[in-house]
Structures are given as structure tokens and as C-alpha cells.
$ cat target37.cif   # mmCIF, C-alpha atoms
data_work
#
loop_
_atom_site.label_atom_id
_atom_site.label_comp_id
_atom_site.auth_asym_id
_atom_site.auth_seq_id
_atom_site.Cartn_x
_atom_site.Cartn_y
_atom_site.Cartn_z
CA MET A 4 24.57 -34.78 57.69
CA THR A 5 23.07 -38.19 57.15
CA LEU A 6 23.06 -40.26 54.00
CA SER A 7 19.30 -39.92 53.67
CA GLU A 8 19.60 -36.12 53.86
CA VAL A 9 22.20 -36.15 51.07
CA LEU A 10 20.01 -38.41 48.94
CA VAL A 11 16.89 -36.28 49.42
CA SER A 12 18.86 -33.12 48.64
CA ALA A 13 20.30 -34.69 45.51
CA VAL A 14 16.86 -35.76 44.33
CA ILE A 15 15.40 -32.29 44.95
CA LEU A 16 18.25 -30.61 43.09
CA ALA A 17 18.01 -33.07 40.21
CA ILE A 18 14.26 -32.52 39.80
CA SER A 19 14.51 -28.74 39.99
CA THR A 20 17.44 -28.68 37.57
CA GLN A 21 15.57 -30.81 35.06
CA THR A 22 12.44 -28.65 35.37
CA SER A 23 14.50 -25.54 35.01
CA LEU A 24 16.28 -26.87 31.92
CA HIS A 25 12.95 -27.76 30.35
CA SER A 26 11.70 -24.29 31.16
CA TRP A 27 14.79 -22.70 29.62
CA SER A 28 14.24 -24.53 26.36
CA ARG A 29 10.67 -23.20 26.29
CA ILE A 30 11.93 -19.68 27.02
CA THR A 31 14.37 -19.96 24.12
CA ALA A 32 11.66 -21.19 21.75
CA THR A 33 9.22 -18.45 22.83
CA SER A 34 11.89 -15.77 22.42
CA GLN A 35 12.75 -17.04 18.95
CA ARG A 36 9.06 -16.99 17.96
CA GLN A 37 8.70 -13.47 19.33
CA THR A 38 11.79 -12.23 17.49
CA ALA A 39 10.64 -13.80 14.22
CA LEU A 40 7.15 -12.33 14.60
CA GLN A 41 8.56 -8.91 15.42
CA ARG A 42 10.83 -9.03 12.37
CA ALA A 43 7.94 -10.14 10.15
CA LEU A 44 5.74 -7.31 11.48
CA LEU A 45 8.45 -4.79 10.70
CA GLN A 46 9.04 -6.13 7.20
CA ALA A 47 5.32 -6.14 6.37
CA ASP A 48 4.98 -2.61 7.77
CA GLN A 49 7.84 -1.39 5.60
CA GLN A 50 6.38 -2.97 2.47
CA LEU A 51 2.87 -1.57 2.92
CA LEU A 52 3.98 1.88 3.99
CA ALA A 53 6.59 2.18 1.25
CA ALA A 54 4.12 0.97 -1.39
CA ARG A 55 1.59 3.61 -0.35
CA ARG A 56 4.15 6.39 -0.34
CA LEU A 57 5.74 5.40 -3.64
CA LEU A 58 2.43 5.08 -5.43
CA ARG A 59 1.19 8.39 -4.10
CA ARG A 60 4.27 10.11 -5.53
CA SER A 61 3.98 8.33 -8.85
CA PRO A 62 1.80 10.31 -11.24
CA ALA A 63 2.56 7.73 -13.94
CA ALA A 64 0.41 5.24 -12.06
CA GLY A 65 -2.68 7.12 -13.29
CA CYS A 66 -6.26 6.77 -12.24
CA ALA A 67 -6.51 3.15 -13.36
CA LEU A 68 -4.11 0.99 -11.34
CA SER A 69 -2.73 -2.06 -13.08
CA PRO A 70 -0.85 -4.82 -11.21
CA GLU A 71 1.82 -5.14 -13.91
CA HIS A 72 2.53 -1.43 -13.92
CA LEU A 73 2.72 -1.28 -10.13
CA ASP A 74 5.05 -4.24 -9.94
CA GLN A 75 7.34 -2.63 -12.52
CA GLN A 76 7.43 0.54 -10.46
CA LEU A 77 7.90 -1.07 -7.08
CA ALA A 78 10.22 -3.97 -7.94
CA PRO A 79 13.45 -1.92 -8.14
CA LEU A 80 12.57 0.17 -5.10
CA LEU A 81 11.07 -2.54 -2.92
CA PRO A 82 12.96 -5.75 -3.68
CA GLN A 83 11.36 -8.98 -2.53
CA THR A 84 13.65 -10.35 0.12
CA PRO A 85 13.81 -14.08 0.93
CA GLY A 86 10.90 -15.12 3.07
CA LEU A 87 8.71 -12.29 1.82
CA GLN A 88 6.04 -12.51 -0.84
CA ARG A 89 4.22 -9.56 -2.34
CA SER A 90 1.30 -9.92 -4.69
CA TRP A 91 -1.36 -7.79 -6.31
CA GLN A 92 -4.93 -8.78 -7.01
CA GLN A 93 -7.34 -6.72 -9.03
CA ASP A 94 -10.77 -6.21 -7.48
CA PRO A 95 -13.15 -4.62 -9.97
CA LEU A 96 -15.98 -4.53 -7.43
CA ALA A 97 -13.90 -2.55 -4.97
CA GLY A 98 -12.42 -0.45 -7.75
CA GLY A 99 -8.84 -1.08 -6.74
CA LEU A 100 -6.07 -3.55 -6.07
CA TRP A 101 -5.37 -5.68 -3.05
CA LEU A 102 -1.76 -5.61 -2.02
CA ARG A 103 -0.95 -8.76 -0.09
CA VAL A 104 2.24 -9.25 1.86
CA ALA A 105 3.19 -12.57 3.41
CA VAL A 106 6.28 -12.80 5.58
CA GLU A 107 7.76 -15.89 7.18
CA ALA A 108 7.30 -15.63 10.94
CA GLY A 109 9.55 -18.41 12.13
CA ALA A 110 9.80 -22.16 11.79
CA ASP A 111 6.58 -24.10 12.39
CA GLN A 112 4.62 -20.85 12.37
CA PRO A 113 2.13 -19.71 9.73
CA PRO A 114 3.40 -16.76 7.67
CA LEU A 115 2.30 -13.35 8.80
CA GLN A 116 -0.19 -12.01 6.26
CA ARG A 117 -1.42 -8.51 5.71
CA ARG A 118 -3.59 -7.10 2.96
CA LEU A 119 -4.50 -3.60 1.96
CA LEU A 120 -6.89 -2.30 -0.67
CA LEU A 121 -5.36 0.51 -2.71
CA THR A 122 -7.50 2.67 -4.96
CA ALA A 123 -6.29 5.38 -7.31
CA ALA A 124 -8.71 7.92 -5.87
CA GLY A 125 -7.72 7.05 -2.31
CA LEU A 126 -4.08 7.63 -3.19
CA GLY A 127 -4.93 10.96 -4.84
CA LEU A 128 -3.96 9.84 -8.35
CA CYS A 129 -7.20 10.85 -10.09
CA SER A 130 -7.89 14.24 -11.62
CA PRO A 131 -11.44 15.63 -11.46
CA ALA A 132 -12.00 14.70 -15.10
CA GLN A 133 -11.01 11.07 -14.47
CA ALA A 134 -12.91 10.59 -11.22
CA MET B 15 22.53 -29.66 53.25
CA LEU B 16 18.78 -29.99 52.81
CA PRO B 17 17.98 -26.27 53.38
CA LEU B 18 20.67 -25.37 50.87
CA ALA B 19 19.21 -27.76 48.30
CA LEU B 20 15.72 -26.38 48.88
CA SER B 21 16.90 -22.77 48.53
CA GLY B 22 18.86 -23.56 45.38
CA SER B 23 15.89 -25.36 43.84
CA ALA B 24 13.53 -22.54 44.69
CA LEU B 25 15.91 -20.02 43.16
CA LEU B 26 16.27 -22.08 39.96
CA LEU B 27 12.53 -22.57 39.57
CA LEU B 28 11.58 -18.99 40.37
CA SER B 29 14.13 -17.51 37.97
CA SER B 30 13.07 -19.75 35.10
CA LEU B 31 9.41 -19.11 35.85
CA SER B 32 9.83 -15.34 35.80
CA LEU B 33 11.86 -15.45 32.59
CA GLN B 34 9.24 -17.65 30.97
CA THR B 35 6.50 -15.21 32.00
CA LEU B 36 8.50 -12.35 30.52
CA ALA B 37 9.04 -14.19 27.21
CA MET B 38 5.31 -15.07 26.98
CA HIS B 39 4.39 -11.47 27.73
CA GLN B 40 6.61 -10.19 24.91
CA LEU B 41 5.16 -12.71 22.46
CA GLN B 42 1.66 -11.68 23.49
CA ARG B 43 2.55 -8.03 22.86
CA SER B 44 3.69 -8.85 19.32
CA ARG B 45 0.45 -10.74 18.68
CA HIS B 46 -1.59 -7.79 19.94
CA ARG B 47 0.37 -5.53 17.64
CA LEU B 48 -0.47 -7.82 14.72
CA GLU B 49 -4.17 -7.57 15.64
CA ARG B 50 -3.90 -3.78 15.80
CA VAL B 51 -2.25 -3.43 12.40
CA SER B 52 -4.71 -5.88 10.81
CA ARG B 53 -7.57 -3.77 12.17
CA ALA B 54 -5.92 -0.60 10.83
CA ASP B 55 -5.46 -2.29 7.41
CA ALA B 56 -9.17 -3.13 7.32
CA PHE B 57 -10.25 0.43 8.09
CA LEU B 58 -7.74 1.85 5.64
CA SER B 59 -9.01 -0.49 2.90
CA ALA B 60 -12.61 0.52 3.59
CA ALA B 61 -11.62 4.19 3.46
CA MET B 62 -9.86 3.55 0.13
CA GLN B 63 -13.10 2.17 -1.29
CA PHE B 64 -15.05 5.10 0.14
CA ALA B 65 -12.57 7.48 -1.58
CA GLN B 66 -12.87 5.59 -4.87
CA ARG B 67 -16.65 5.95 -4.77
CA SER B 68 -16.54 9.60 -3.77
CA GLY B 69 -15.57 10.80 -7.24
CA ALA B 70 -17.80 12.11 -10.04
CA ALA B 71 -21.29 13.10 -8.88
CA GLN B 72 -20.67 11.94 -5.29
CA ALA B 73 -17.91 14.54 -4.80
CA CYS B 74 -20.62 17.13 -4.16
CA LEU B 75 -21.80 15.21 -1.09
CA LEU B 76 -18.38 15.56 0.57
CA GLN B 77 -19.09 19.23 1.21
CA TRP B 78 -21.94 18.29 3.56
CA PRO B 79 -22.23 16.24 6.75
CA SER B 80 -23.63 12.80 6.07
CA GLN B 81 -26.73 13.56 8.16
CA GLN B 82 -27.87 15.87 5.34
CA TRP B 83 -27.22 13.55 2.41
CA ASP B 84 -30.80 12.34 2.17
CA GLN B 85 -32.06 15.80 1.18
CA PRO B 86 -33.07 15.39 -2.48
CA LEU B 87 -31.96 18.83 -3.70
CA LEU B 88 -28.59 18.79 -1.93
CA CYS B 89 -26.63 17.14 -4.75
CA PRO B 90 -28.81 16.15 -7.70
CA GLY B 91 -27.37 13.14 -9.49
CA ALA B 92 -25.33 11.94 -6.54
CA ASP B 93 -26.05 8.54 -5.01
CA PRO B 94 -25.53 8.67 -1.22
CA LEU B 95 -25.98 4.90 -0.95
CA LEU B 96 -22.61 4.40 -2.65
CA LEU B 97 -20.91 6.18 0.23
CA GLN B 98 -22.98 4.70 3.03
CA ALA B 99 -21.88 1.07 2.81
CA GLY B 100 -19.61 -1.18 0.83
CA SER B 101 -17.89 -4.52 0.71
CA ALA B 102 -14.80 -5.98 -0.88
CA GLU B 103 -13.41 -9.49 -0.50
CA GLY B 104 -15.20 -10.19 2.75
CA LEU B 105 -14.50 -6.73 4.10
CA GLN B 106 -17.81 -5.06 4.90
CA TRP B 107 -18.16 -1.52 6.09
CA SER B 108 -20.83 1.04 6.78
CA LEU B 109 -20.62 4.76 7.21
CA GLU B 110 -21.21 6.09 10.70
CA ALA B 111 -20.55 9.71 9.88
CA TRP B 112 -18.86 12.07 7.46
CA GLN B 113 -17.98 15.47 8.88
CA PRO B 114 -16.36 17.98 6.49
CA GLN B 115 -14.15 20.79 7.81
CA GLY B 116 -12.94 22.99 4.97
CA HIS B 117 -10.66 20.96 2.69
CA ARG B 118 -10.59 18.05 5.08
CA GLY B 119 -13.12 15.67 6.50
CA GLN B 120 -13.46 13.12 9.27
CA LEU B 121 -14.65 9.74 8.03
CA THR B 122 -16.10 7.46 10.68
CA LEU B 123 -16.63 3.87 9.60
CA ARG B 124 -18.03 0.78 11.28
CA LEU B 125 -16.68 -2.66 10.46
CA PRO B 126 -18.41 -5.77 11.78
CA GLN B 127 -16.37 -7.31 14.61
CA ARG B 128 -13.79 -4.55 14.34
CA GLY B 129 -15.74 -1.67 15.78
CA VAL B 130 -15.64 1.97 14.78
CA ALA B 131 -12.74 4.18 13.73
CA THR B 132 -12.31 7.69 12.41
CA LEU B 133 -9.87 8.56 9.63
CA PRO B 134 -8.87 11.97 8.29
CA LEU B 135 -9.42 12.50 4.57
CA ALA B 136 -8.64 15.37 2.24
CA ILE B 137 -11.37 16.76 0.00
CA THR B 138 -10.33 17.52 -3.57
CA ALA B 139 -12.24 18.30 -6.73
CA ALA B 140 -11.77 14.63 -7.71
CA GLY B 141 -13.30 13.38 -4.45
CA ALA B 142 -11.88 12.27 -1.13
CA GLN B 143 -8.34 11.03 -0.71
CA LEU B 144 -6.46 9.57 2.21
CA GLN B 145 -3.84 11.57 4.02
CA GLU B 146 -0.18 10.89 3.38
CA ALA B 147 1.08 7.77 5.12
CA VAL B 148 3.68 8.59 7.76
#
$ encode --input "target37.cif" --output "C-alpha cells"
Amino acid sequence: MTLSEVLVSAVILAISTQTSLHSWSRITATSQRQTALQRALLQADQQLLAARRLLRRSPAAGCALSPEHLDQQLAPLLPQTPGLQRSWQQDPLAGGLWLRVAVEAGADQPPLQRRLLLTAAGLGLCSPAQA
Amino acid sequence: MLPLALSGSALLLLSSLSLQTLAMHQLQRSRHRLERVSRADAFLSAAMQFAQRSGAAQACLLQWPSQQWDQPLLCPGADPLLLQAGSAEGLQWSLEAWQPQGHRGQLTLRLPQRGVATLPLAITAAGAQLQEAV
């Protein structure tokens, strides 16, 4: 084993270790992004699905949906957790309300956003006389 | 010494490379899932608008396949155009087909850049309504 062989081996090991460490930090960052995105997807799913199911079982909602009324109904059952924003927007042209859910999807990442149009007729809240 | 260093380096690099590929693959899967649910939201929203418009005089049309809606005596007073296309907040849709089967119907919609999808709807006296979310 010569000195030059030891030096070359040391250099090779140093370079590969540094590259590997750099790669590990990228793996950690990617995994964190993936976990945050997965969590945000799940939270948004829960919000939209629960909102649909609760509204469908709520005859008090009536054939004309109002954002204030819906928020009153949903707030105690679907609390807004930190990092999650839920909002309603009336859309007279579409004849319903847009439910928008924005969930934080990790640091330095844009929030995950989903939107769903809900109409009273689509939810089965209208009687034939009201339709 | 040198072969050992080369083997160790190769092992380090290969393991980190494969783990990085795995992490990227999982992130890509989550992004694809986001695309899928966004597409489903768009179709569901369009179907909600279709259901909202299917009340009143248009409810009569739900008993017939959409290919027959242009017959003038089929449902006097109903406006088939209301059920054939719509838009809301940048979401545009057009009807590909409506196929009733008893108290249910298959709604096939086309959304620009999102393709075509079929959704099951229930037919009631008040019009169409979406099936229970599961």
C-alpha cells in the first residue's frame, strides 16, 4: 500500500461521502414535502367530503343555500384547524356556492387548493315545488 | 485499499441514488393524486350545476335520453339548451350524453382540457341530484 494509493482512496471516499450527504439532505427535503402534501390532500378530502355529507343530511339548509347559514352549520362539526382555510363564495350564475379549501402543504410550498360547486338541487335539498 | 474505497463509494452513491429515486416517485404520486382529485372536483361541480338547472320544466327531459331532447313535443316548456352546456367561474362544460335508467341516470360531461367523465345521478320529481358521497 503506497502513500499515493492511500491519498487517492481518501479523496474518492471524501467525494462520495460529500455527494451522498448532499443527496441525503435532498431525500429528507423531498420526503418532508411529500408528507406535507399527503397530509394536505387528506385534510382537504375530509373537509369536502364531510361538507357534502353534512349538507345533504341537513334539511334546514333549504333550497336556497346561504354562506352564513352553512358556516353556522358546519363550524361546530368541521372546525378549522391551523393551516386550513375554508371559505364560501356565492355564485348566482351557477346557482350555488363555491366551497374553497386551502391547506398548507409544507414550508416554501404553495397551499393546496381545492374548490367545489355545491348546489341545493345537486345535494337533493329542493322539493319539487321549490325546484 | 483502493478497491475497498471504490466499492464503499459505489455503495454509498448507489444507496443514496435509489433512495432519492424512491422519494421523488412518492412525491410524484401525491402530485398525480392532486391532479386526479382536482379533475374529479371539476366534474362534480359541473354535475352540480347540471342538477341545479334540471329542476322545474327541465325535469321532464330527464326521463328521456339526451339524443331525443330536440323533439319539440317531448317536453313543452323545457329548455334543453340549459342542460347541454354551462359555465361557472372559468369552469366550462358541455353535455355528451344523458342516459336515464329508471330512477337513475348516467350523466356524461366533457370539460375542456379535462376530458370526458360519467357520473351517476338520481332522478327525483325536483330534478336530478348527485349520489351520496362515500
$ interface_residues --input "target37.cif" --of "chain B" --to "chain A" --cutoff "6 Å" --atoms "all atoms listed in the file" --output "list in words"
Leu16, Ala19, Ser23, Leu27, Ser30, Gln34, Ala37, Leu41, Asp55, Ser59, Met62, Ala65, Gln66, Gly69, Ala70, Ala102, Ala139, Ala140, Gln143 and Leu144 of chain B
$ write_last_selection --input "target37.cif" --atoms "C-alpha atoms" --output "PDB file, in the coordinates of the input"
ATOM      1  CA  LEU B  16      18.780 -29.990  52.810  1.00  0.00           C
ATOM      2  CA  ALA B  19      19.210 -27.760  48.300  1.00  0.00           C
ATOM      3  CA  SER B  23      15.890 -25.360  43.840  1.00  0.00           C
ATOM      4  CA  LEU B  27      12.530 -22.570  39.570  1.00  0.00           C
ATOM      5  CA  SER B  30      13.070 -19.750  35.100  1.00  0.00           C
ATOM      6  CA  GLN B  34       9.240 -17.650  30.970  1.00  0.00           C
ATOM      7  CA  ALA B  37       9.040 -14.190  27.210  1.00  0.00           C
ATOM      8  CA  LEU B  41       5.160 -12.710  22.460  1.00  0.00           C
ATOM      9  CA  ASP B  55      -5.460  -2.290   7.410  1.00  0.00           C
ATOM     10  CA  SER B  59      -9.010  -0.490   2.900  1.00  0.00           C
ATOM     11  CA  MET B  62      -9.860   3.550   0.130  1.00  0.00           C
ATOM     12  CA  ALA B  65     -12.570   7.480  -1.580  1.00  0.00           C
ATOM     13  CA  GLN B  66     -12.870   5.590  -4.870  1.00  0.00           C
ATOM     14  CA  GLY B  69     -15.570  10.800  -7.240  1.00  0.00           C
ATOM     15  CA  ALA B  70     -17.800  12.110 -10.040  1.00  0.00           C
ATOM     16  CA  ALA B 102     -14.800  -5.980  -0.880  1.00  0.00           C
ATOM     17  CA  ALA B 139     -12.240  18.300  -6.730  1.00  0.00           C
ATOM     18  CA  ALA B 140     -11.770  14.630  -7.710  1.00  0.00           C
ATOM     19  CA  GLN B 143      -8.340  11.030  -0.710  1.00  0.00           C
ATOM     20  CA  LEU B 144      -6.460   9.570   2.210  1.00  0.00           C
TER      21      LEU B 144
END
$ residues_near_point --input "target37.cif" --point "(-14.7, 6.4, 6.7)" --cutoff "9 Å" --atoms "all atoms listed in the file" --output "tab-separated table (two decimals) with C-alpha atoms, in the frame of the given file"
chain	number	residue	atom	x	y	z
B	57	PHE	CA	-10.25	0.43	8.09
B	58	LEU	CA	-7.74	1.85	5.64
B	60	ALA	CA	-12.61	0.52	3.59
B	61	ALA	CA	-11.62	4.19	3.46
B	62	MET	CA	-9.86	3.55	0.13
B	64	PHE	CA	-15.05	5.10	0.14
B	65	ALA	CA	-12.57	7.48	-1.58
B	97	LEU	CA	-20.91	6.18	0.23
B	107	TRP	CA	-18.16	-1.52	6.09
B	108	SER	CA	-20.83	1.04	6.78
B	109	LEU	CA	-20.62	4.76	7.21
B	110	GLU	CA	-21.21	6.09	10.70
B	111	ALA	CA	-20.55	9.71	9.88
B	112	TRP	CA	-18.86	12.07	7.46
B	120	GLN	CA	-13.46	13.12	9.27
B	121	LEU	CA	-14.65	9.74	8.03
B	122	THR	CA	-16.10	7.46	10.68
B	123	LEU	CA	-16.63	3.87	9.60
B	124	ARG	CA	-18.03	0.78	11.28
B	131	ALA	CA	-12.74	4.18	13.73
B	132	THR	CA	-12.31	7.69	12.41
B	133	LEU	CA	-9.87	8.56	9.63
B	134	PRO	CA	-8.87	11.97	8.29
B	135	LEU	CA	-9.42	12.50	4.57
$ residues_around --input "target37.cif" --residues "B:Leu96" --least-positions-apart "3" --cutoff "10 Å" --atoms "only C-alpha atoms" --output "PDB file with C-alpha atoms, keeping the file's coordinate frame"
ATOM      1  CA  GLN B  63     -13.100   2.170  -1.290  1.00  0.00           C
ATOM      2  CA  PHE B  64     -15.050   5.100   0.140  1.00  0.00           C
ATOM      3  CA  ARG B  67     -16.650   5.950  -4.770  1.00  0.00           C
ATOM      4  CA  SER B  68     -16.540   9.600  -3.770  1.00  0.00           C
ATOM      5  CA  GLN B  72     -20.670  11.940  -5.290  1.00  0.00           C
ATOM      6  CA  ALA B  92     -25.330  11.940  -6.540  1.00  0.00           C
ATOM      7  CA  ASP B  93     -26.050   8.540  -5.010  1.00  0.00           C
ATOM      8  CA  ALA B  99     -21.880   1.070   2.810  1.00  0.00           C
ATOM      9  CA  GLY B 100     -19.610  -1.180   0.830  1.00  0.00           C
TER      10      GLY B 100
END
$ atom_distance --input "target37.cif" --atom1 "atom CA of A:Gln83" --atom2 "atom CA of A:Ala108"
15.6 Å
$ residues_around --input "target37.cif" --residues "A:Pro85" --least-positions-apart "4" --cutoff "12 Å" --atoms "all atoms listed in the file" --output "ChimeraX atom specification"
/A:43,46,89,105-107
$ closest_residue --input "target37.cif" --among "B:Val51, B:Met38, B:Ile137, B:Pro17" --to "B:Gln115" --atoms "all atoms listed in the file"
B:Ile137
$ atom_distance --input "target37.cif" --atom1 "atom CA of A:Leu45" --atom2 "atom CA of A:Val104"
11.7 Å
$ residues_around --input "target37.cif" --residues "A:Leu80" --least-positions-apart "3" --cutoff "9 Å" --atoms "all atoms listed in the file" --output "PDB file with C-alpha atoms, in the frame of the given file"
ATOM      1  CA  ALA A  53       6.590   2.180   1.250  1.00  0.00           C
ATOM      2  CA  LEU A  57       5.740   5.400  -3.640  1.00  0.00           C
ATOM      3  CA  GLN A  76       7.430   0.540 -10.460  1.00  0.00           C
ATOM      4  CA  LEU A  77       7.900  -1.070  -7.080  1.00  0.00           C
TER       5      LEU A  77
END
$ resolve_selection --input "target37.cif" --expression "the PyMOL selection byres ((chain A and resi 73) around 10)" --output "list of chain:residue names"
A:Ala54, A:Leu57, A:Leu58, A:Ser61, A:Ala63, A:Ala64, A:Leu68, A:Ser69, A:Pro70, A:Glu71, A:His72, A:Asp74, A:Gln75, A:Gln76, A:Leu77, A:Ala78, A:Trp91, A:Leu100
